[in-house]
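Novice: final21.tsv is the file, holding TSV, C-alpha atoms:
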chain	number	residue	atom	x	y	z
A	216	MET	CA	-3.58	7.08	3.55
A	217	ASN	CA	-3.83	10.41	5.35
A	218	THR	CA	-6.39	11.32	7.99
A	219	GLY	CA	-8.45	13.47	5.61
A	220	ASP	CA	-8.85	10.57	3.18
A	221	GLN	CA	-9.81	8.23	6.02
A	222	TYR	CA	-12.59	10.68	6.95
A	223	LEU	CA	-13.79	10.93	3.35
A	224	LYS	CA	-13.95	7.15	3.15
A	225	ALA	CA	-15.89	6.99	6.43
A	226	ILE	CA	-18.35	9.66	5.21
A	227	TYR	CA	-18.88	7.71	1.98
A	228	LEU	CA	-19.58	4.50	3.92
A	229	ALA	CA	-21.79	6.27	6.49
A	230	GLN	CA	-23.82	7.85	3.66
A	231	ARG	CA	-24.35	4.40	2.21
A	232	ILE	CA	-25.34	2.92	5.58
A	233	GLU	CA	-27.69	5.79	6.43
A	234	GLU	CA	-28.90	6.35	2.87
A	235	GLY	CA	-28.45	10.07	3.37
A	236	PRO	CA	-26.07	12.53	5.03
A	237	ALA	CA	-23.56	11.02	7.45
A	238	SER	CA	-24.27	11.86	11.08
A	239	THR	CA	-21.51	12.88	13.46
A	240	GLY	CA	-22.34	9.94	15.75
A	241	THR	CA	-21.98	7.34	13.00
A	242	LEU	CA	-18.70	8.88	11.85
A	243	ALA	CA	-17.36	8.96	15.41
A	244	ASP	CA	-18.23	5.24	15.77
A	245	LEU	CA	-16.68	4.29	12.42
A	246	LEU	CA	-13.50	6.26	13.06
A	247	GLU	CA	-13.31	5.51	16.79
A	248	VAL	CA	-12.78	9.17	17.64
A	249	SER	CA	-14.80	11.74	19.62
A	250	PRO	CA	-17.71	13.66	18.05
A	251	ALA	CA	-15.74	16.87	18.69
A	252	SER	CA	-12.85	15.56	16.54
A	253	VAL	CA	-15.33	14.62	13.79
A	254	ASN	CA	-16.85	18.11	13.79
A	255	GLU	CA	-13.43	19.73	13.63
A	256	MET	CA	-12.36	17.63	10.64
A	257	ILE	CA	-15.71	18.08	8.87
A	258	GLY	CA	-15.11	21.84	9.11
A	259	LYS	CA	-11.68	21.46	7.50
A	260	LEU	CA	-13.03	19.25	4.72
A	261	GLU	CA	-15.83	21.74	4.14
A	262	ASP	CA	-13.24	24.52	3.74
A	263	ARG	CA	-11.51	22.35	1.12
A	264	LYS	CA	-14.88	21.94	-0.67
A	265	LEU	CA	-14.79	18.16	-0.29
A	266	VAL	CA	-17.78	17.98	2.04
A	267	GLU	CA	-21.04	19.87	2.56
A	268	HIS	CA	-22.44	19.99	6.05
A	269	GLU	CA	-26.01	20.71	6.98
A	270	LYS	CA	-26.79	21.40	10.64
A	271	TYR	CA	-28.83	18.65	12.37
A	272	LYS	CA	-28.64	16.50	9.23
A	273	GLY	CA	-25.01	15.61	8.65
A	274	ALA	CA	-22.21	15.59	6.13
A	275	SER	CA	-22.39	14.77	2.42
A	276	LEU	CA	-19.53	14.44	-0.04
A	277	THR	CA	-19.19	16.90	-2.92
A	278	ASP	CA	-18.31	15.45	-6.36
A	279	GLU	CA	-14.63	16.00	-5.68
A	280	GLY	CA	-14.96	14.51	-2.20
A	281	LEU	CA	-16.74	11.49	-3.64
A	282	GLU	CA	-13.94	10.89	-6.13
A	283	ARG	CA	-11.33	11.01	-3.39
A	284	ALA	CA	-13.44	8.78	-1.12
A	285	HIS	CA	-13.66	6.24	-3.97
A	286	ASP	CA	-9.88	6.21	-4.35
A	287	ALA	CA	-9.41	5.88	-0.59
A	288	LEU	CA	-11.86	2.99	-0.39
A	289	GLN	CA	-10.15	1.30	-3.33
A	290	THR	CA	-6.82	1.56	-1.50
A	291	TYR	CA	-8.48	0.07	1.57
A	292	CYS	CA	-9.91	-2.81	-0.50
A	293	ILE	CA	-6.44	-3.53	-1.90
A	294	ILE	CA	-5.00	-3.68	1.63
A	295	GLU	CA	-7.78	-5.99	2.83
A	296	ARG	CA	-7.47	-8.30	-0.17
A	297	PHE	CA	-3.70	-8.37	0.08
A	298	LEU	CA	-3.84	-9.26	3.79
A	299	ALA	CA	-6.56	-11.88	3.31
A	300	ASN	CA	-5.33	-13.55	0.11
A	301	VAL	CA	-1.55	-13.05	-0.02
A	302	LEU	CA	-0.49	-12.93	3.63
A	303	GLU	CA	-3.50	-15.09	4.64
A	304	VAL	CA	-4.24	-12.98	7.70
A	305	GLU	CA	-7.37	-14.15	9.50
A	306	GLU	CA	-8.09	-10.83	11.18
A	307	TYR	CA	-7.63	-8.97	7.90
A	308	ARG	CA	-10.33	-6.37	8.61
A	309	GLU	CA	-8.89	-5.34	11.97
A	310	GLU	CA	-5.37	-5.29	10.56
A	311	ALA	CA	-6.36	-3.32	7.48
A	312	ARG	CA	-7.86	-0.67	9.75
A	313	ALA	CA	-4.65	-0.56	11.79
A	314	LEU	CA	-2.40	-0.39	8.71
A	315	GLU	CA	-4.29	1.94	6.39
A	316	SER	CA	-2.72	5.09	7.86
A	317	VAL	CA	0.80	3.73	7.20
A	318	ILE	CA	0.23	2.37	3.67
A	319	ASP	CA	0.49	4.99	0.94
A	320	ASP	CA	-1.67	4.87	-2.19
A	321	THR	CA	1.39	4.24	-4.38
A	322	VAL	CA	2.34	1.24	-2.24
A	323	ALA	CA	-1.21	-0.09	-2.51
A	324	GLU	CA	-1.00	0.31	-6.31
A	325	ARG	CA	2.05	-1.97	-6.42
A	326	LEU	CA	0.37	-4.52	-4.16
A	327	ASP	CA	-2.56	-4.33	-6.57
A	328	THR	CA	-0.36	-5.90	-9.28
A	329	ILE	CA	-0.54	-9.26	-7.49
A	330	ILE	CA	-4.16	-9.41	-6.34
A	331	ASP	CA	-7.46	-9.97	-8.13
A	332	ARG	CA	-9.97	-7.21	-7.68
A	333	PRO	CA	-13.39	-7.04	-9.36
A	334	PRO	CA	-13.74	-4.28	-11.98
A	335	GLU	CA	-16.63	-2.70	-10.05
A	336	CYS	CA	-14.37	-2.06	-7.02
A	337	PRO	CA	-15.06	-0.19	-4.72
A	338	ASP	CA	-18.84	-0.23	-5.37
A	339	CYS	CA	-18.96	-3.84	-4.21
A	340	PHE	CA	-17.69	-2.92	-0.75
A	341	ASP	CA	-20.15	-3.95	1.94
A	342	PRO	CA	-20.02	-1.27	4.67
A	343	GLU	CA	-22.03	-3.34	7.17
A	344	HIS	CA	-19.43	-6.14	7.07
A	345	ASP	CA	-16.45	-3.89	6.36
A	346	ARG	CA	-15.27	-5.94	3.37
A	347	CYS	CA	-15.73	-6.49	-0.33
A	348	LYS	CA	-18.79	-8.68	-0.87
A	349	HIS	CA	-16.82	-10.75	-3.41
A	350	LEU	CA	-13.82	-11.36	-1.18
A	351	GLU	CA	-13.21	-15.07	-0.76
A	352	VAL	CA	-11.14	-16.16	2.17
A	353	GLU	CA	-9.68	-19.64	1.88
A	354	GLY	CA	-10.98	-22.21	4.30
A	355	ARG	CA	-13.54	-19.94	5.88
A	356	ALA	CA	-17.10	-19.06	5.02
A	357	ASP	CA	-17.64	-15.50	6.16
B	169	MET	CA	-9.98	2.47	12.11
B	170	SER	CA	-6.75	3.84	13.46
B	171	LEU	CA	-5.97	7.48	12.89
B	172	GLY	CA	-2.29	7.87	13.53
B	173	GLN	CA	0.86	6.96	11.70
B	174	ARG	CA	2.71	4.93	14.26
B	175	VAL	CA	3.74	1.34	14.77
B	176	SER	CA	2.41	0.26	18.13
B	177	SER	CA	3.36	-3.40	18.51
B	178	ASP	CA	5.70	-6.19	17.41
B	179	HIS	CA	2.80	-7.71	15.55
B	180	GLN	CA	2.17	-4.56	13.51
B	181	LEU	CA	5.89	-4.09	12.89
B	182	ALA	CA	6.24	-7.67	11.67
B	183	ARG	CA	3.28	-7.20	9.36
B	184	LEU	CA	4.77	-4.04	7.84
B	185	LEU	CA	8.14	-5.73	7.35
B	186	GLN	CA	6.35	-8.66	5.69
B	187	ILE	CA	4.76	-6.16	3.31
B	188	GLY	CA	8.24	-4.75	2.65
B	189	VAL	CA	9.46	-8.25	1.77
B	190	VAL	CA	6.57	-8.71	-0.67
B	191	LEU	CA	7.24	-5.32	-2.29
B	192	GLU	CA	10.88	-6.33	-2.81
B	193	GLU	CA	9.75	-9.65	-4.24
B	194	VAL	CA	7.42	-7.85	-6.64
B	195	VAL	CA	10.26	-5.55	-7.77
B	196	GLU	CA	12.62	-8.50	-8.24
B	197	SER	CA	10.05	-10.52	-10.14
B	198	ARG	CA	8.86	-7.67	-12.37
B	199	ALA	CA	12.46	-6.75	-13.27
B	200	ALA	CA	13.08	-10.38	-14.29
B	201	HIS	CA	9.79	-10.52	-16.23
B	202	HIS	CA	10.63	-7.30	-18.10
B	203	LEU	CA	13.87	-8.80	-19.39
B	204	GLU	CA	12.21	-12.07	-20.36
B	205	SER	CA	9.22	-10.36	-21.99
B	206	LEU	CA	11.26	-8.74	-24.72
B	207	PRO	CA	11.57	-10.75	-27.94
B	208	GLU	CA	15.12	-12.04	-28.64
B	209	ASP	CA	15.88	-9.40	-31.27
B	210	GLU	CA	14.74	-6.55	-29.01
B	211	ARG	CA	16.55	-8.08	-26.08
B	212	ASP	CA	19.76	-7.73	-28.06
B	213	GLU	CA	18.90	-4.16	-28.89
B	214	ILE	CA	18.15	-3.14	-25.33
B	215	ASP	CA	21.18	-1.19	-24.35
B	216	ASP	CA	23.61	-2.49	-21.83
B	217	GLU	CA	22.71	0.31	-19.47
B	218	VAL	CA	19.05	-0.75	-19.13
B	219	ASP	CA	20.04	-4.38	-19.00
B	220	ALA	CA	22.45	-3.67	-16.16
B	221	LEU	CA	19.87	-1.52	-14.36
B	222	LEU	CA	17.30	-4.33	-14.30
B	223	ALA	CA	19.86	-6.93	-13.25
B	224	GLU	CA	21.09	-4.67	-10.48
B	225	ALA	CA	17.53	-3.86	-9.34
B	226	ALA	CA	16.70	-7.56	-9.05
B	227	GLU	CA	19.92	-8.23	-7.15
B	228	GLU	CA	19.41	-5.29	-4.79
B	229	SER	CA	15.82	-6.29	-4.07
B	230	ALA	CA	16.96	-9.80	-3.20
B	231	GLU	CA	19.49	-8.34	-0.80
B	232	HIS	CA	16.91	-6.02	0.82
B	233	ARG	CA	14.55	-8.93	1.12
B	234	GLU	CA	17.14	-10.98	2.99
B	235	ARG	CA	17.80	-8.13	5.42
B	236	LEU	CA	14.08	-7.67	6.09
B	237	GLU	CA	13.59	-11.42	6.41
B	238	ALA	CA	16.18	-11.52	9.19
B	239	LEU	CA	14.16	-8.91	11.12
B	240	VAL	CA	10.84	-10.67	10.47
B	241	ASP	CA	12.40	-13.90	11.67
B	242	GLU	CA	13.43	-12.30	14.95
B	243	LEU	CA	9.84	-11.19	15.44
B	244	ASP	CA	8.72	-14.83	15.06
B	245	ALA	CA	6.71	-14.15	11.92
B	246	GLU	CA	6.68	-15.90	8.56
B	247	ILE	CA	7.42	-14.48	5.13
B	248	VAL	CA	5.74	-15.30	1.82
B	249	PRO	CA	8.27	-17.29	-0.27
B	250	TYR	CA	9.59	-15.59	-3.42
B	251	GLU	CA	8.25	-18.32	-5.70
B	252	GLU	CA	4.72	-17.69	-4.47
B	253	ILE	CA	4.93	-13.95	-5.22
B	254	ASN	CA	6.65	-14.67	-8.55
B	255	GLN	CA	3.67	-16.82	-9.53
B	256	LEU	CA	1.22	-14.06	-8.57
B	257	VAL	CA	3.23	-11.56	-10.62
B	258	SER	CA	3.29	-13.97	-13.60
B	259	ALA	CA	-0.49	-14.48	-13.38
B	260	ARG	CA	-1.24	-10.79	-13.85
B	261	TYR	CA	1.83	-9.58	-15.72
B	262	GLY	CA	1.39	-7.53	-18.83
B	263	PRO	CA	4.68	-6.53	-20.46
B	264	PRO	CA	5.28	-2.81	-21.09
B	265	GLU	CA	5.15	-1.80	-24.76
B	266	ASP	CA	8.80	-0.83	-25.09
B	267	THR	CA	11.99	0.00	-23.24
B	268	ASP	CA	10.59	3.34	-22.05
B	269	GLY	CA	7.64	1.47	-20.53
B	270	VAL	CA	10.09	-0.82	-18.77
B	271	LEU	CA	11.92	2.19	-17.36
B	272	TYR	CA	8.68	3.83	-16.17
B	273	ASP	CA	7.69	0.65	-14.38
B	274	GLN	CA	11.12	0.40	-12.81
B	275	LEU	CA	10.87	4.02	-11.67
B	276	ALA	CA	7.47	3.28	-10.08
B	277	ASN	CA	9.05	0.28	-8.33
B	278	GLU	CA	11.87	2.33	-6.85
B	279	GLU	CA	9.68	5.30	-5.91
B	280	THR	CA	7.12	3.08	-4.24
B	281	ALA	CA	9.77	1.26	-2.24
B	282	TYR	CA	11.31	4.58	-1.17
B	283	LYS	CA	7.90	5.90	-0.04
B	284	PHE	CA	7.16	2.68	1.84
B	285	TYR	CA	10.41	2.79	3.84
B	286	ASP	CA	10.07	6.52	4.43
B	287	ASP	CA	6.57	6.07	5.90
B	288	LEU	CA	7.67	3.04	7.91
B	289	ILE	CA	10.63	4.93	9.40
B	290	GLU	CA	8.32	7.82	10.33
B	291	ALA	CA	5.85	5.42	11.94
B	292	VAL	CA	8.60	3.69	13.95
B	293	GLU	CA	10.12	7.00	15.02
B	294	ALA	CA	6.69	8.30	16.11
B	295	SER	CA	6.15	5.28	18.34
B	296	ASP	CA	7.49	4.81	21.85
B	297	ALA	CA	6.64	1.09	21.84
B	298	GLU	CA	9.29	-1.40	22.97
B	299	PHE	CA	9.98	-3.88	20.17
B	300	ALA	CA	11.45	-7.37	20.50
B	301	ILE	CA	14.22	-6.26	18.13
B	302	ASP	CA	16.69	-3.51	18.83
B	303	ARG	CA	15.17	-0.21	17.68
B	304	ASP	CA	18.53	1.26	16.55
B	305	ARG	CA	19.35	-1.77	14.45
B	306	LEU	CA	15.84	-1.75	12.97
B	307	LEU	CA	16.08	1.92	12.05
B	308	GLU	CA	19.63	1.60	10.70
B	309	THR	CA	18.53	-1.22	8.42
B	310	LEU	CA	15.57	0.83	7.22
B	311	TYR	CA	17.68	3.97	6.70
B	312	ASP	CA	20.19	1.95	4.62
B	313	ILE	CA	17.51	0.40	2.46
B	314	ARG	CA	15.71	3.74	1.99
B	315	GLU	CA	18.98	5.35	0.88
B	316	GLU	CA	19.53	2.60	-1.70
B	317	GLU	CA	15.99	3.07	-2.98
B	318	ARG	CA	16.66	6.81	-3.29
B	319	GLU	CA	19.78	6.04	-5.34
B	320	GLY	CA	17.71	3.62	-7.39
B	321	VAL	CA	15.23	6.40	-8.25
B	322	GLU	CA	18.17	8.60	-9.32
B	323	ASP	CA	19.71	5.84	-11.46
B	324	VAL	CA	16.49	5.27	-13.39
B	325	THR	CA	15.85	9.01	-13.74
B	326	ASP	CA	19.39	9.55	-15.08
B	327	ILE	CA	18.94	6.89	-17.74
B	328	MET	CA	15.52	8.27	-18.70
B	329	GLU	CA	16.96	11.77	-19.05
B	330	ARG	CA	19.84	10.54	-21.21
B	331	ARG	CA	17.41	8.68	-23.48
B	332	ALA	CA	15.06	11.66	-23.81
Now that the file is in, can you turn its structure into structure tokens?
Specialist:
Amino acid sequence: MNTGDQYLKAIYLAQRIEEGPASTGTLADLLEVSPASVNEMIGKLEDRKLVEHEKYKGASLTDEGLERAHDALQTYCIIERFLANVLEVEEYREEARALESVIDDTVAERLDTIIDRPPECPDCFDPEHDRCKHLEVEGRAD
Amino acid sequence: MSLGQRVSSDHQLARLLQIGVVLEEVVESRAAHHLESLPEDERDEIDDEVDALLAEAAEESAEHRERLEALVDELDAEIVPYEEINQLVSARYGPPEDTDGVLYDQLANEETAYKFYDDLIEAVEASDAEFAIDRDRLLETLYDIREEEREGVEDVTDIMERRA
């Protein structure tokens, strides 16, 4: 997943958390980058008409941006589920975050052929807990 | 969230190689399922070329898997056994409608594997981390496998073009 898609996913999640435009601070926290980096990328995404930015309010996804953010979050859900249920990785959230930039969408699609994902994915993703709310991890209540 | 395509530790490298093993297992298993999914009469009709392609794909994936497993082993990590992945494939497998569908799926297999190794090579090359396995040997193995995946894409494409 490329950096632009990771930003779109973060904006989508921040908008859900904040129930409105995504603030630079929240995005910087989610992406673990500086506010200056966030502002630079928001500008680029705005040029590509994927994001609208309102001063002092924050960033919102356009329809096209929302579609791409959905796809990116779906890819992320596949990686998390694959790590948790197939490789049985305990720290699946941390590892998914570390791996998402190296795993291409097409690779995630193949991994998707061996995992179970609810049809409403990615709407069932819980941004507060950084995981699908339906994800069951064997042996652990989480 | 990590913004940067690089492999920074043995742990991350092992995890990516484990994913490579699973991808190979999925390719091997799907190729076998495709052959088995065709009814007897159609299986006879499937031309030798497609038959040979699937058999070769399964064999090549098994060989790639073994080479990756050797690396994963040196990094003290475990792999998911083939039988386990085969069962997961079986649980969700839906056979393609016809031989063309089989070929499209096989093309997706080969292209995905190529993309995976290409990204992995880039991420290893971008990193200056010291790994527990020799970097040159790691990269040589990955270059070899990527090249075979590239040839695999060409083989499927050639057959598809001839059938068109």
Novice: Compile a residue-level contact table for chain B against chain A at a cut-off of 8 Å, reporting for every qualifying residue the shortest atom pair and its distance in Å to one decimal, with only C-alpha atoms counted, rows ordered by chain and ascending number, as a tab-separated table.
Specialist:
residue	atom	partner	partner_atom	distance
B:Met169	CA	A:Arg312	CA	4.5
B:Ser170	CA	A:Ala313	CA	5.2
B:Leu171	CA	A:Thr218	CA	6.2
B:Gly172	CA	A:Ser316	CA	6.3
B:Gln173	CA	A:Val317	CA	5.5
B:Arg174	CA	A:Val317	CA	7.4
B:Gln180	CA	A:Leu314	CA	7.8
B:Leu191	CA	A:Leu326	CA	7.2
B:Val194	CA	A:Arg325	CA	8.0
B:Val248	CA	A:Leu302	CA	6.9
B:Ile253	CA	A:Ile329	CA	7.6
B:Leu256	CA	A:Ile329	CA	5.2
B:Val257	CA	A:Ile329	CA	5.4
B:Ala259	CA	A:Ile329	CA	7.9
B:Arg260	CA	A:Ile329	CA	6.6
B:Tyr261	CA	A:Thr328	CA	7.7
B:Asn277	CA	A:Arg325	CA	7.6
B:Thr280	CA	A:Val322	CA	5.5
B:Ala281	CA	A:Val322	CA	7.4
B:Lys283	CA	A:Asp319	CA	7.5
B:Phe284	CA	A:Val322	CA	6.5
B:Asp287	CA	A:Val317	CA	6.4
B:Leu288	CA	A:Val317	CA	6.9
B:Ala291	CA	A:Val317	CA	7.1
Novice: In Å, how far is it from atom CA of A:Glu295 to atom CA of A:Tyr227?
Specialist: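 These two atoms are separated by 17.7 Å.
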Novice: So that I can see what lies close to stretch 233-246 of chain B, please list as a tab-separated table (two decimals) with C-alpha atoms, keeping the file's coordinate frame the residues with an atom at most 9 Å from it, counting all atoms listed in the file and leaving out residues fewer than 6 positions away in the same chain.
Specialist:
chain	number	residue	atom	x	y	z
B	178	ASP	CA	5.70	-6.19	17.41
B	179	HIS	CA	2.80	-7.71	15.55
B	181	LEU	CA	5.89	-4.09	12.89
B	182	ALA	CA	6.24	-7.67	11.67
B	183	ARG	CA	3.28	-7.20	9.36
B	185	LEU	CA	8.14	-5.73	7.35
B	186	GLN	CA	6.35	-8.66	5.69
B	188	GLY	CA	8.24	-4.75	2.65
B	189	VAL	CA	9.46	-8.25	1.77
B	190	VAL	CA	6.57	-8.71	-0.67
B	191	LEU	CA	7.24	-5.32	-2.29
B	192	GLU	CA	10.88	-6.33	-2.81
B	193	GLU	CA	9.75	-9.65	-4.24
B	299	PHE	CA	9.98	-3.88	20.17
B	300	ALA	CA	11.45	-7.37	20.50
B	301	ILE	CA	14.22	-6.26	18.13
B	306	LEU	CA	15.84	-1.75	12.97
B	309	THR	CA	18.53	-1.22	8.42
B	310	LEU	CA	15.57	0.83	7.22
Novice: Emit as JSON the padded axis-aligned box for all listed atoms of stretch 300-306 of chain A, 3 Å per side, with centre and edge lengths in Å to one decimal.
Specialist:
{"center_x": -4.3, "center_y": -13.0, "center_z": 5.6, "size_x": 13.6, "size_y": 10.3, "size_z": 17.2}
Novice: Near B:Ser176, counting all atoms listed in the file, which residues have an atom at most 8 Å away, once you skip same-chain residues fewer than 5 positions from it, shown as a list in words?
Specialist: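 After dropping sequence-adjacent residues, the list is Leu181, Ser295, Asp296 and Ala297 of chain B.
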Novice: How would the residues just chosen look if you wrote them out with C-alpha atoms as a short mmCIF file (atom, residue, chain, number, x, y, z; two decimals), keeping the file's coordinate frame?
Specialist:
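Written out: part_6.cif:
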data_model
loop_
_atom_site.label_atom_id
_atom_site.label_comp_id
_atom_site.auth_asym_id
_atom_site.auth_seq_id
_atom_site.Cartn_x
_atom_site.Cartn_y
_atom_site.Cartn_z
CA LEU B 181 5.89 -4.09 12.89
CA SER B 295 6.15 5.28 18.34
CA ASP B 296 7.49 4.81 21.85
CA ALA B 297 6.64 1.09 21.84
#
Novice: Near B:Tyr311, within 10 Å and counting all atoms listed in the file, which residues show up once chain neighbours fewer than 5 positions away are dropped, as JSON, numbers by chain?
Specialist: {"B": [285, 286, 289, 305, 306, 316, 317]}
Novice: May I have the residues within 10 Å of A:Asn254 as a PyMOL selection string, using all atoms listed in the file and disregarding those fewer than 5 positions away in the same chain?
Specialist: chain A and resi 239+242-243+249+259-260+268+273-274
Novice: Hey, can you check how far atom CA of A:Lys224 sits from atom CA of A:Gln289?
Specialist: 9.5 Å
Novice: For atom CA of B:Pro263 and atom CA of B:Leu203, determine how far apart the two atoms are, in Å to one decimal place.
Specialist: 9.5 Å
Novice: What's the 8 Å shell around A:Pro337, counting only C-alpha atoms, without same-chain residues fewer than 6 positions away, as a list in words?
Specialist: His285, Leu288, Gln289, Cys292 and Cys347 of chain A
Novice: Taking only C-alpha atoms into account, name the residue in B:Asp215, B:Glu251, B:Asp266, B:Glu279 that is nearest to B:Ile327.
Specialist: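 Using only C-alpha atoms, B:Ile327 sits closest to B:Asp215.
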Novice: Please write as a list in words the list of polymer residues whose atoms come within 12 Å of (-24.5, 10.5, 0.0), counting only C-alpha atoms and keeping to the coordinates of the file.
Specialist: Leu223, Lys224, Ala225, Ile226, Tyr227, Leu228, Ala229, Gln230, Arg231, Ile232, Glu233, Glu234, Gly235, Pro236, Ala237, Ser238, Val266, Glu267, His268, Lys272, Gly273, Ala274, Ser275, Leu276, Thr277, Asp278, Gly280, Leu281 and Ala284 of chain A
Novice: Please fill the gaps in stretch 300-312 of chain A so it has N, CA and C atoms, and write that as a CSV table (one decimal), keeping the file's coordinate frame.
Specialist:
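Wrote it out as rebuild_39.csv, contents follow:
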chain,number,residue,atom,x,y,z
A,300,ASN,N,-5.7,-12.6,1.1
A,300,ASN,CA,-5.3,-13.6,0.1
A,300,ASN,C,-3.8,-13.8,-0.1
A,301,VAL,N,-3.0,-12.8,0.2
A,301,VAL,CA,-1.6,-13.0,0.0
A,301,VAL,C,-0.9,-13.4,1.3
A,302,LEU,N,-1.1,-12.6,2.3
A,302,LEU,CA,-0.5,-12.9,3.6
A,302,LEU,C,-1.4,-13.9,4.4
A,303,GLU,N,-2.6,-14.2,4.0
A,303,GLU,CA,-3.5,-15.1,4.6
A,303,GLU,C,-3.7,-14.7,6.1
A,304,VAL,N,-4.0,-13.5,6.3
A,304,VAL,CA,-4.2,-13.0,7.7
A,304,VAL,C,-5.7,-13.2,8.0
A,305,GLU,N,-6.0,-13.9,9.1
A,305,GLU,CA,-7.4,-14.2,9.5
A,305,GLU,C,-8.1,-12.9,9.9
A,306,GLU,N,-7.4,-12.1,10.7
A,306,GLU,CA,-8.1,-10.8,11.2
A,306,GLU,C,-7.8,-9.7,10.2
A,307,TYR,N,-8.0,-9.9,8.9
A,307,TYR,CA,-7.6,-9.0,7.9
A,307,TYR,C,-8.3,-7.6,8.0
A,308,ARG,N,-9.6,-7.6,8.5
A,308,ARG,CA,-10.3,-6.4,8.6
A,308,ARG,C,-9.7,-5.5,9.7
A,309,GLU,N,-9.5,-6.1,10.8
A,309,GLU,CA,-8.9,-5.3,12.0
A,309,GLU,C,-7.5,-4.8,11.6
A,310,GLU,N,-6.7,-5.7,10.9
A,310,GLU,CA,-5.4,-5.3,10.6
A,310,GLU,C,-5.4,-4.2,9.5
A,311,ALA,N,-6.3,-4.3,8.5
A,311,ALA,CA,-6.4,-3.3,7.5
A,311,ALA,C,-6.7,-2.0,8.1
A,312,ARG,N,-7.5,-1.9,9.1
A,312,ARG,CA,-7.9,-0.7,9.8
A,312,ARG,C,-6.6,-0.1,10.5
